[in-house]
Amino acid sequence: MFKPNQNHSNRSSKQYQNLIYKPNYIKPVAKKEIIDYLETLYPIWENRFSDSNPPPEGEPNRELLRPVYWLGNWQFASLDYYHPPKGIRNRCVQAEEYPSVLRKIVSEVEAEVRQNFSPKDVPDKWHLNTCLINFYGNKIIADPETGKVKKMDCARVGEHKDFEPGPVASISFGERAFFQFVKSEGKQQQSHMVLQQWLDDSSLQIFGGDKFKKQLFHRVQRVEDKGKLGSELFAGLHTTSFETRRINFTFRYVPTEHIFDLKELPDNIQKDLKPYVSQLATHSDFWKQQLD
Ligand SMILES: O=C(O)CCC(=O)C(=O)O
């Protein structure tokens, strides 16, 4: 059992009930293949809201803090993500398949889950068919008056839950991230930290079960900035106005009946997604076909 409030180092494998951490899980050959694959992607900047899902009264629309790419199915932020039991329709859009290097890793991770998690925490038909790729780093902003460029560190994620059923697996590359599970004390109160750990380059983290998925929230407080690790590793990426120093893949499960083709979505939603899909289609045959 983990001890609350302990600051776990990242040097060795850790296993608690429903939480696994394995450093150096991805071997260098697979890591290189994954980075090569990432260099073929053109991540996009999404807005949190859209015409069909407008921001709350008085709030402006806003860009996410980082560029993203999704595989398996794309949960556009402006569709408000997959959120069962109510938010299941028009949330998950069929997307590109995993490349073979990820398919192999995913099947090993699924075996790991089936070996180590209680069957009651692994839903029927559970498999990791959805992947969010998050790019963490500095946003590059040019001052329109002076023309000077400044960097804004956006390498964090606020507390949230992943609502997809069953365990979630996360693989990290680049600079290490300080990851926390927290107990929310309500909107006006500061959350209470329960467990924190560094997620290192090439590590695997898996969490599931009621405690880590349903009760606690999780967040990334910061990503180290030691200089070279991220910038050299990610020099060939196609993120725009952004300097990446960490990449995280989170693999999740969305029941296939909740994944829709773009064409099946209502017209107003297709209209909201058009700018994103058009942008994706400029570099992806899959997305080009979805537009045709
Ligand atoms: O970057 C990470 O380690 C966590 C990402 C995360 O919380 C998410 O994708 O939901």
# chains A, B, ... in the order shown; residues from 1 in each chain; ligands from 1
$ residues_around --residues "Ala95 (chain A)" --least-positions-apart "5" --cutoff "6 Å" --atoms "only C-alpha atoms" --output "PyMOL selection string"
chain A and resi 71-74
$ residues_near_ligand --ligand "ligand 1" --cutoff "10 Å" --atoms "only C-alpha atoms and all ligand atoms" --output "JSON, numbers by chain"
{"A": [68, 131, 132, 133, 134, 135, 136, 155, 156, 157, 158, 159, 160, 161, 162, 163, 168, 169, 170, 171, 172, 173, 176, 177, 178, 179, 180, 181, 198, 199, 200, 204, 205, 217, 218, 219, 220, 221, 222, 223, 246, 247, 248, 249, 250, 251, 252]}
$ write_last_selection --atoms "N, CA and C atoms" --output "compact mmCIF listing (two decimals), in the first residue's frame"
# COMPACT_ATOMS: atom_id res chain seq x y z
N VAL A 68 -2.07 18.76 -29.43
CA VAL A 68 -2.40 17.35 -29.16
C VAL A 68 -2.56 16.59 -30.47
N CYS A 131 -5.94 6.76 -27.87
CA CYS A 131 -4.69 7.31 -27.32
C CYS A 131 -4.64 8.82 -27.52
N LEU A 132 -4.41 9.51 -26.42
CA LEU A 132 -4.17 10.96 -26.48
C LEU A 132 -2.66 11.20 -26.39
N ILE A 133 -2.14 11.93 -27.37
CA ILE A 133 -0.72 12.31 -27.31
C ILE A 133 -0.67 13.79 -26.93
N ASN A 134 -0.12 14.04 -25.76
CA ASN A 134 0.02 15.41 -25.26
C ASN A 134 1.45 15.89 -25.44
N PHE A 135 1.60 17.09 -25.95
CA PHE A 135 2.93 17.70 -26.12
C PHE A 135 3.09 18.77 -25.05
N TYR A 136 4.11 18.65 -24.23
CA TYR A 136 4.32 19.59 -23.12
C TYR A 136 5.55 20.45 -23.39
N ALA A 155 3.80 23.66 -19.49
CA ALA A 155 3.95 22.22 -19.28
C ALA A 155 3.29 21.77 -17.98
N ARG A 156 1.99 21.70 -18.01
CA ARG A 156 1.23 21.25 -16.84
C ARG A 156 -0.18 20.85 -17.29
N VAL A 157 -0.86 20.10 -16.44
CA VAL A 157 -2.27 19.77 -16.67
C VAL A 157 -2.99 19.90 -15.34
N GLY A 158 -4.08 20.63 -15.34
CA GLY A 158 -4.85 20.81 -14.11
C GLY A 158 -5.54 19.51 -13.69
N GLU A 159 -6.02 19.50 -12.46
CA GLU A 159 -6.60 18.25 -11.94
C GLU A 159 -7.88 17.87 -12.69
N HIS A 160 -7.98 16.61 -12.97
CA HIS A 160 -9.12 16.09 -13.73
C HIS A 160 -9.20 14.58 -13.54
N LYS A 161 -10.28 13.98 -14.04
CA LYS A 161 -10.37 12.52 -14.07
C LYS A 161 -10.45 12.09 -15.53
N ASP A 162 -10.00 10.89 -15.81
CA ASP A 162 -10.20 10.31 -17.14
C ASP A 162 -11.44 9.44 -17.02
N PHE A 163 -12.50 9.78 -17.76
CA PHE A 163 -13.78 9.11 -17.54
C PHE A 163 -13.96 7.82 -18.35
N VAL A 168 -6.13 3.05 -17.22
CA VAL A 168 -5.51 3.95 -18.20
C VAL A 168 -4.00 3.71 -18.13
N ALA A 169 -3.35 3.65 -19.28
CA ALA A 169 -1.89 3.44 -19.29
C ALA A 169 -1.22 4.66 -19.90
N SER A 170 -0.10 5.06 -19.30
CA SER A 170 0.56 6.29 -19.74
C SER A 170 2.04 6.04 -19.97
N ILE A 171 2.52 6.49 -21.12
CA ILE A 171 3.93 6.33 -21.46
C ILE A 171 4.52 7.71 -21.70
N SER A 172 5.70 7.95 -21.13
CA SER A 172 6.28 9.29 -21.19
C SER A 172 7.64 9.28 -21.88
N PHE A 173 7.92 10.37 -22.58
CA PHE A 173 9.24 10.58 -23.20
C PHE A 173 9.71 12.00 -22.94
N ARG A 176 11.29 14.69 -17.30
CA ARG A 176 10.36 14.02 -16.38
C ARG A 176 9.30 14.98 -15.85
N ALA A 177 8.16 14.40 -15.53
CA ALA A 177 7.00 15.20 -15.08
C ALA A 177 6.66 14.85 -13.65
N PHE A 178 6.24 15.87 -12.91
CA PHE A 178 5.83 15.67 -11.53
C PHE A 178 4.31 15.48 -11.51
N PHE A 179 3.90 14.25 -11.23
CA PHE A 179 2.51 13.82 -11.38
C PHE A 179 1.91 13.60 -10.00
N GLN A 180 0.69 14.06 -9.78
CA GLN A 180 0.05 13.91 -8.46
C GLN A 180 -1.36 13.34 -8.59
N PHE A 181 -1.72 12.49 -7.64
CA PHE A 181 -3.12 12.14 -7.41
C PHE A 181 -3.60 13.02 -6.25
N TRP A 198 7.44 11.08 -9.85
CA TRP A 198 8.00 11.58 -11.12
C TRP A 198 7.76 10.55 -12.20
N LEU A 199 7.36 11.01 -13.36
CA LEU A 199 7.22 10.12 -14.52
C LEU A 199 8.41 10.40 -15.43
N ASP A 200 9.27 9.40 -15.53
CA ASP A 200 10.55 9.56 -16.21
C ASP A 200 10.47 9.23 -17.70
N LEU A 204 6.46 3.68 -17.91
CA LEU A 204 5.05 3.29 -18.04
C LEU A 204 4.38 3.50 -16.69
N GLN A 205 3.21 4.10 -16.72
CA GLN A 205 2.37 4.18 -15.52
C GLN A 205 1.00 3.61 -15.91
N PHE A 217 -8.53 12.74 -8.27
CA PHE A 217 -8.20 13.44 -9.51
C PHE A 217 -6.70 13.27 -9.74
N HIS A 218 -6.25 13.56 -10.94
CA HIS A 218 -4.80 13.58 -11.17
C HIS A 218 -4.41 14.83 -11.95
N ARG A 219 -3.13 15.19 -11.82
CA ARG A 219 -2.65 16.40 -12.51
C ARG A 219 -1.14 16.31 -12.73
N VAL A 220 -0.65 17.11 -13.67
CA VAL A 220 0.80 17.25 -13.85
C VAL A 220 1.15 18.65 -13.36
N GLN A 221 1.95 18.69 -12.30
CA GLN A 221 2.28 19.99 -11.69
C GLN A 221 3.32 20.76 -12.49
N ARG A 222 4.32 20.03 -12.98
CA ARG A 222 5.35 20.69 -13.78
C ARG A 222 6.17 19.64 -14.52
N VAL A 223 6.90 20.13 -15.50
CA VAL A 223 7.82 19.25 -16.24
C VAL A 223 9.20 19.88 -16.13
N ARG A 246 8.50 17.37 -23.40
CA ARG A 246 7.99 16.08 -22.91
C ARG A 246 6.79 15.68 -23.78
N ILE A 247 6.67 14.37 -24.01
CA ILE A 247 5.49 13.85 -24.70
C ILE A 247 4.92 12.72 -23.86
N ASN A 248 3.62 12.73 -23.71
CA ASN A 248 2.95 11.68 -22.97
C ASN A 248 1.85 11.07 -23.83
N PHE A 249 1.82 9.74 -23.85
CA PHE A 249 0.73 9.01 -24.50
C PHE A 249 -0.15 8.45 -23.39
N THR A 250 -1.44 8.77 -23.40
CA THR A 250 -2.33 8.04 -22.47
C THR A 250 -3.27 7.18 -23.31
N PHE A 251 -3.25 5.89 -22.99
CA PHE A 251 -4.08 4.91 -23.68
C PHE A 251 -5.30 4.61 -22.82
N ARG A 252 -6.46 4.63 -23.45
CA ARG A 252 -7.72 4.46 -22.72
C ARG A 252 -8.65 3.54 -23.51
$ closest_residue --among "A:Lys22, A:Lys183, A:Arg91, A:Arg62" --to "Ile259 (chain A)" --atoms "only C-alpha atoms"
A:Arg91
$ select_by_dssp --residues "region 25-226 of chain A" --states "alpha helix (DSSP H)" --output "ChimeraX atom specification"
/A:28-38,100-116,209
$ write_last_selection --atoms "N, CA and C atoms" --output "mmCIF file, in the first residue's frame"
data_model
loop_
_atom_site.group_PDB
_atom_site.id
_atom_site.type_symbol
_atom_site.label_atom_id
_atom_site.label_comp_id
_atom_site.auth_asym_id
_atom_site.auth_seq_id
_atom_site.Cartn_x
_atom_site.Cartn_y
_atom_site.Cartn_z
ATOM 1 N N PRO A 28 15.222 1.382 -26.020
ATOM 2 C CA PRO A 28 15.692 2.426 -26.950
ATOM 3 C C PRO A 28 15.270 2.225 -28.406
ATOM 4 N N VAL A 29 15.224 0.975 -28.888
ATOM 5 C CA VAL A 29 14.862 0.760 -30.299
ATOM 6 C C VAL A 29 13.410 1.179 -30.539
ATOM 7 N N ALA A 30 12.522 0.769 -29.602
ATOM 8 C CA ALA A 30 11.105 1.137 -29.744
ATOM 9 C C ALA A 30 10.941 2.645 -29.585
ATOM 10 N N LYS A 31 11.706 3.217 -28.665
ATOM 11 C CA LYS A 31 11.614 4.674 -28.451
ATOM 12 C C LYS A 31 11.963 5.412 -29.745
ATOM 13 N N LYS A 32 13.023 4.964 -30.406
ATOM 14 C CA LYS A 32 13.419 5.644 -31.651
ATOM 15 C C LYS A 32 12.308 5.514 -32.707
ATOM 16 N N GLU A 33 11.725 4.318 -32.764
ATOM 17 C CA GLU A 33 10.640 4.112 -33.749
ATOM 18 C C GLU A 33 9.451 5.035 -33.441
ATOM 19 N N ILE A 34 9.182 5.202 -32.151
ATOM 20 C CA ILE A 34 8.045 6.052 -31.772
ATOM 21 C C ILE A 34 8.347 7.524 -32.093
ATOM 22 N N ILE A 35 9.571 7.941 -31.808
ATOM 23 C CA ILE A 35 9.924 9.343 -32.111
ATOM 24 C C ILE A 35 9.872 9.567 -33.633
ATOM 25 N N ASP A 36 10.376 8.585 -34.392
ATOM 26 C CA ASP A 36 10.307 8.705 -35.866
ATOM 27 C C ASP A 36 8.848 8.844 -36.307
ATOM 28 N N TYR A 37 7.975 8.054 -35.674
ATOM 29 C CA TYR A 37 6.549 8.128 -36.019
ATOM 30 C C TYR A 37 5.984 9.510 -35.660
ATOM 31 N N LEU A 38 6.359 9.995 -34.468
ATOM 32 C CA LEU A 38 5.854 11.314 -34.045
ATOM 33 C C LEU A 38 6.244 12.405 -35.044
ATOM 34 N N SER A 100 2.518 0.152 -35.891
ATOM 35 C CA SER A 100 2.788 -1.198 -35.359
ATOM 36 C C SER A 100 3.583 -1.149 -34.053
ATOM 37 N N VAL A 101 4.513 -0.212 -33.930
ATOM 38 C CA VAL A 101 5.313 -0.156 -32.696
ATOM 39 C C VAL A 101 4.401 0.079 -31.473
ATOM 40 N N LEU A 102 3.366 0.888 -31.638
ATOM 41 C CA LEU A 102 2.450 1.138 -30.506
ATOM 42 C C LEU A 102 1.507 -0.040 -30.302
ATOM 43 N N ARG A 103 1.117 -0.696 -31.405
ATOM 44 C CA ARG A 103 0.210 -1.857 -31.270
ATOM 45 C C ARG A 103 0.854 -2.922 -30.386
ATOM 46 N N LYS A 104 2.147 -3.128 -30.613
ATOM 47 C CA LYS A 104 2.862 -4.168 -29.858
ATOM 48 C C LYS A 104 2.934 -3.776 -28.374
ATOM 49 N N ILE A 105 3.271 -2.530 -28.127
ATOM 50 C CA ILE A 105 3.371 -2.070 -26.729
ATOM 51 C C ILE A 105 2.009 -2.174 -26.048
ATOM 52 N N VAL A 106 0.977 -1.768 -26.765
ATOM 53 C CA VAL A 106 -0.368 -1.787 -26.182
ATOM 54 C C VAL A 106 -0.772 -3.215 -25.816
ATOM 55 N N SER A 107 -0.439 -4.190 -26.665
ATOM 56 C CA SER A 107 -0.878 -5.546 -26.296
ATOM 57 C C SER A 107 -0.082 -6.049 -25.089
ATOM 58 N N GLU A 108 1.174 -5.625 -24.945
ATOM 59 C CA GLU A 108 1.929 -6.017 -23.742
ATOM 60 C C GLU A 108 1.348 -5.349 -22.485
ATOM 61 N N VAL A 109 0.972 -4.095 -22.637
ATOM 62 C CA VAL A 109 0.401 -3.362 -21.494
ATOM 63 C C VAL A 109 -0.949 -3.978 -21.097
ATOM 64 N N GLU A 110 -1.740 -4.352 -22.094
ATOM 65 C CA GLU A 110 -3.035 -4.986 -21.783
ATOM 66 C C GLU A 110 -2.819 -6.294 -21.013
ATOM 67 N N ALA A 111 -1.789 -7.045 -21.405
ATOM 68 C CA ALA A 111 -1.494 -8.309 -20.693
ATOM 69 C C ALA A 111 -1.088 -8.005 -19.251
ATOM 70 N N GLU A 112 -0.295 -6.965 -19.096
ATOM 71 C CA GLU A 112 0.144 -6.516 -17.753
ATOM 72 C C GLU A 112 -1.072 -6.198 -16.882
ATOM 73 N N VAL A 113 -2.039 -5.510 -17.473
ATOM 74 C CA VAL A 113 -3.255 -5.137 -16.728
ATOM 75 C C VAL A 113 -4.027 -6.400 -16.340
ATOM 76 N N ARG A 114 -4.204 -7.304 -17.281
ATOM 77 C CA ARG A 114 -4.999 -8.506 -16.982
ATOM 78 C C ARG A 114 -4.320 -9.363 -15.920
ATOM 79 N N GLN A 115 -2.980 -9.280 -15.849
ATOM 80 C CA GLN A 115 -2.247 -10.052 -14.857
ATOM 81 C C GLN A 115 -2.328 -9.419 -13.468
ATOM 82 N N ASN A 116 -2.386 -8.104 -13.426
ATOM 83 C CA ASN A 116 -2.208 -7.418 -12.142
ATOM 84 C C ASN A 116 -3.443 -6.732 -11.568
ATOM 85 N N GLY A 209 -9.081 1.126 -11.104
ATOM 86 C CA GLY A 209 -9.801 0.873 -9.849
ATOM 87 C C GLY A 209 -10.516 2.117 -9.355
#
$ residues_around --residues "Ser52 (chain A)" --least-positions-apart "4" --cutoff "9 Å" --atoms "only C-alpha atoms" --output "ChimeraX atom specification"
/A:78-79,268-269,272
$ write_last_selection --atoms "N, CA and C atoms" --output "PDB file, in the first residue's frame"
ATOM      1  N   SER A  78     -13.607  20.537 -27.894  1.00  0.00           N
ATOM      2  CA  SER A  78     -14.818  21.346 -28.024  1.00  0.00           C
ATOM      3  C   SER A  78     -16.086  20.492 -28.045  1.00  0.00           C
ATOM      4  N   LEU A  79     -15.927  19.158 -28.128  1.00  0.00           N
ATOM      5  CA  LEU A  79     -17.100  18.270 -27.967  1.00  0.00           C
ATOM      6  C   LEU A  79     -17.243  17.827 -26.519  1.00  0.00           C
ATOM      7  N   ASN A 268     -24.307  20.332 -37.345  1.00  0.00           N
ATOM      8  CA  ASN A 268     -23.716  21.466 -36.603  1.00  0.00           C
ATOM      9  C   ASN A 268     -22.380  21.064 -35.970  1.00  0.00           C
ATOM     10  N   ILE A 269     -22.269  19.805 -35.578  1.00  0.00           N
ATOM     11  CA  ILE A 269     -21.010  19.354 -34.959  1.00  0.00           C
ATOM     12  C   ILE A 269     -19.939  19.175 -36.029  1.00  0.00           C
ATOM     13  N   ASP A 272     -18.530  22.486 -36.684  1.00  0.00           N
ATOM     14  CA  ASP A 272     -17.568  22.900 -35.643  1.00  0.00           C
ATOM     15  C   ASP A 272     -16.195  22.248 -35.833  1.00  0.00           C
TER      16      ASP A 272
END
$ atom_distance --atom1 "CA of Lys14 (chain A)" --atom2 "CA of Ser231 (chain A)"
28.6 Å
$ atom_distance --atom1 "CA of Asp80 (chain A)" --atom2 "CA of His238 (chain A)"
25.5 Å
$ closest_residue --among "A:His258, A:His283, A:Lys271, A:Lys125" --to "Gln75 (chain A)" --atoms "only C-alpha atoms"
A:His258
$ atom_distance --atom1 "CA of Phe49 (chain A)" --atom2 "CA of Asn61 (chain A)"
5.7 Å
$ residues_around --residues "Glu243 (chain A)" --least-positions-apart "5" --cutoff "10 Å" --atoms "only C-alpha atoms" --output "list in words"
Phe135, Tyr136, Gly137, Asn138, Lys139, Ile140, Lys151, Met152, Asp153, Gly230, Ser231, Phe234, Ala235, Leu237 and His238 of chain A
$ closest_residue --among "A:Leu291, A:Asp201, A:Leu195, A:Lys120" --to "Arg245 (chain A)" --atoms "only C-alpha atoms"
A:Asp201
$ residues_around --residues "Gln289 (chain A)" --least-positions-apart "6" --cutoff "12 Å" --atoms "only C-alpha atoms" --output "mmCIF file with N, CA and C atoms, in the first residue's frame"
data_model
loop_
_atom_site.group_PDB
_atom_site.id
_atom_site.type_symbol
_atom_site.label_atom_id
_atom_site.label_comp_id
_atom_site.auth_asym_id
_atom_site.auth_seq_id
_atom_site.Cartn_x
_atom_site.Cartn_y
_atom_site.Cartn_z
ATOM 1 N N GLN A 94 -13.993 8.515 -34.903
ATOM 2 C CA GLN A 94 -13.038 7.530 -35.436
ATOM 3 C C GLN A 94 -11.772 8.230 -35.950
ATOM 4 N N ALA A 95 -10.616 7.726 -35.558
ATOM 5 C CA ALA A 95 -9.360 8.383 -35.965
ATOM 6 C C ALA A 95 -8.368 7.348 -36.494
ATOM 7 N N GLU A 96 -7.130 7.795 -36.724
ATOM 8 C CA GLU A 96 -6.119 6.898 -37.307
ATOM 9 C C GLU A 96 -5.773 5.732 -36.384
ATOM 10 N N ASP A 261 -18.199 7.723 -36.840
ATOM 11 C CA ASP A 261 -17.513 8.308 -37.993
ATOM 12 C C ASP A 261 -17.884 9.784 -38.065
ATOM 13 N N LEU A 262 -16.965 10.579 -38.567
ATOM 14 C CA LEU A 262 -17.235 12.018 -38.698
ATOM 15 C C LEU A 262 -18.588 12.265 -39.387
ATOM 16 N N LYS A 263 -18.836 11.478 -40.449
ATOM 17 C CA LYS A 263 -20.057 11.664 -41.261
ATOM 18 C C LYS A 263 -21.340 11.357 -40.497
ATOM 19 N N VAL A 277 -10.441 19.275 -38.779
ATOM 20 C CA VAL A 277 -10.291 18.142 -39.703
ATOM 21 C C VAL A 277 -9.587 18.607 -40.986
ATOM 22 N N SER A 278 -9.909 19.811 -41.439
ATOM 23 C CA SER A 278 -9.236 20.322 -42.650
ATOM 24 C C SER A 278 -7.742 20.454 -42.400
ATOM 25 N N LEU A 280 -5.972 18.725 -40.195
ATOM 26 C CA LEU A 280 -5.401 17.368 -40.113
ATOM 27 C C LEU A 280 -5.253 16.770 -41.507
ATOM 28 N N ALA A 281 -6.249 17.057 -42.363
ATOM 29 C CA ALA A 281 -6.270 16.456 -43.700
ATOM 30 C C ALA A 281 -5.109 16.937 -44.571
ATOM 31 N N THR A 282 -4.507 18.066 -44.224
ATOM 32 C CA THR A 282 -3.396 18.540 -45.060
ATOM 33 C C THR A 282 -2.165 17.633 -44.920
ATOM 34 N N HIS A 283 -2.125 16.821 -43.864
ATOM 35 C CA HIS A 283 -0.963 15.938 -43.678
ATOM 36 C C HIS A 283 -1.336 14.481 -43.450
#
$ closest_residue --among "A:Val254, A:Leu19, A:Lys148, A:Trp70" --to "Tyr98 (chain A)" --atoms "only C-alpha atoms"
A:Trp70
$ select_by_dssp --residues "region 144-192 of chain A" --states "strand (DSSP E or B)" --output "ChimeraX atom specification"
/A:149-153,157-160,168-174,177-183,192
$ write_last_selection --atoms "N, CA and C atoms" --output "CSV table (one decimal), in the first residue's frame"
chain,number,residue,atom,x,y,z
A,149,VAL,N,10.1,37.8,-29.3
A,149,VAL,CA,9.5,36.5,-29.1
A,149,VAL,C,9.7,36.2,-27.6
A,150,LYS,N,8.6,35.7,-27.0
A,150,LYS,CA,8.8,35.2,-25.6
A,150,LYS,C,8.3,33.8,-25.5
A,151,LYS,N,8.8,33.1,-24.4
A,151,LYS,CA,8.4,31.7,-24.2
A,151,LYS,C,7.5,31.6,-23.0
A,152,MET,N,6.4,30.9,-23.1
A,152,MET,CA,5.5,30.7,-21.9
A,152,MET,C,5.5,29.2,-21.6
A,153,ASP,N,5.9,28.9,-20.4
A,153,ASP,CA,5.9,27.5,-20.0
A,153,ASP,C,4.5,27.0,-19.7
A,157,VAL,N,-0.9,20.1,-16.4
A,157,VAL,CA,-2.3,19.8,-16.7
A,157,VAL,C,-3.0,19.9,-15.3
A,158,GLY,N,-4.1,20.6,-15.3
A,158,GLY,CA,-4.9,20.8,-14.1
A,158,GLY,C,-5.5,19.5,-13.7
A,159,GLU,N,-6.0,19.5,-12.5
A,159,GLU,CA,-6.6,18.2,-11.9
A,159,GLU,C,-7.9,17.9,-12.7
A,160,HIS,N,-8.0,16.6,-13.0
A,160,HIS,CA,-9.1,16.1,-13.7
A,160,HIS,C,-9.2,14.6,-13.5
A,168,VAL,N,-6.1,3.1,-17.2
A,168,VAL,CA,-5.5,3.9,-18.2
A,168,VAL,C,-4.0,3.7,-18.1
A,169,ALA,N,-3.3,3.6,-19.3
A,169,ALA,CA,-1.9,3.4,-19.3
A,169,ALA,C,-1.2,4.7,-19.9
A,170,SER,N,-0.1,5.1,-19.3
A,170,SER,CA,0.6,6.3,-19.7
A,170,SER,C,2.0,6.0,-20.0
A,171,ILE,N,2.5,6.5,-21.1
A,171,ILE,CA,3.9,6.3,-21.5
A,171,ILE,C,4.5,7.7,-21.7
A,172,SER,N,5.7,7.9,-21.1
A,172,SER,CA,6.3,9.3,-21.2
A,172,SER,C,7.6,9.3,-21.9
A,173,PHE,N,7.9,10.4,-22.6
A,173,PHE,CA,9.2,10.6,-23.2
A,173,PHE,C,9.7,12.0,-22.9
A,174,GLY,N,11.0,12.1,-22.8
A,174,GLY,CA,11.6,13.5,-22.7
A,174,GLY,C,11.8,13.8,-21.2
A,177,ALA,N,8.2,14.4,-15.5
A,177,ALA,CA,7.0,15.2,-15.1
A,177,ALA,C,6.7,14.9,-13.6
A,178,PHE,N,6.2,15.9,-12.9
A,178,PHE,CA,5.8,15.7,-11.5
A,178,PHE,C,4.3,15.5,-11.5
A,179,PHE,N,3.9,14.3,-11.2
A,179,PHE,CA,2.5,13.8,-11.4
A,179,PHE,C,1.9,13.6,-10.0
A,180,GLN,N,0.7,14.1,-9.8
A,180,GLN,CA,0.1,13.9,-8.5
A,180,GLN,C,-1.4,13.3,-8.6
A,181,PHE,N,-1.7,12.5,-7.6
A,181,PHE,CA,-3.1,12.1,-7.4
A,181,PHE,C,-3.6,13.0,-6.3
A,182,VAL,N,-4.7,13.6,-6.4
A,182,VAL,CA,-5.2,14.6,-5.4
A,182,VAL,C,-6.7,14.3,-5.1
A,183,LYS,N,-7.0,14.6,-3.8
A,183,LYS,CA,-8.4,14.5,-3.4
A,183,LYS,C,-9.0,15.9,-3.5
A,192,HIS,N,-6.2,18.2,-1.9
A,192,HIS,CA,-5.3,17.6,-0.9
A,192,HIS,C,-4.5,16.5,-1.6
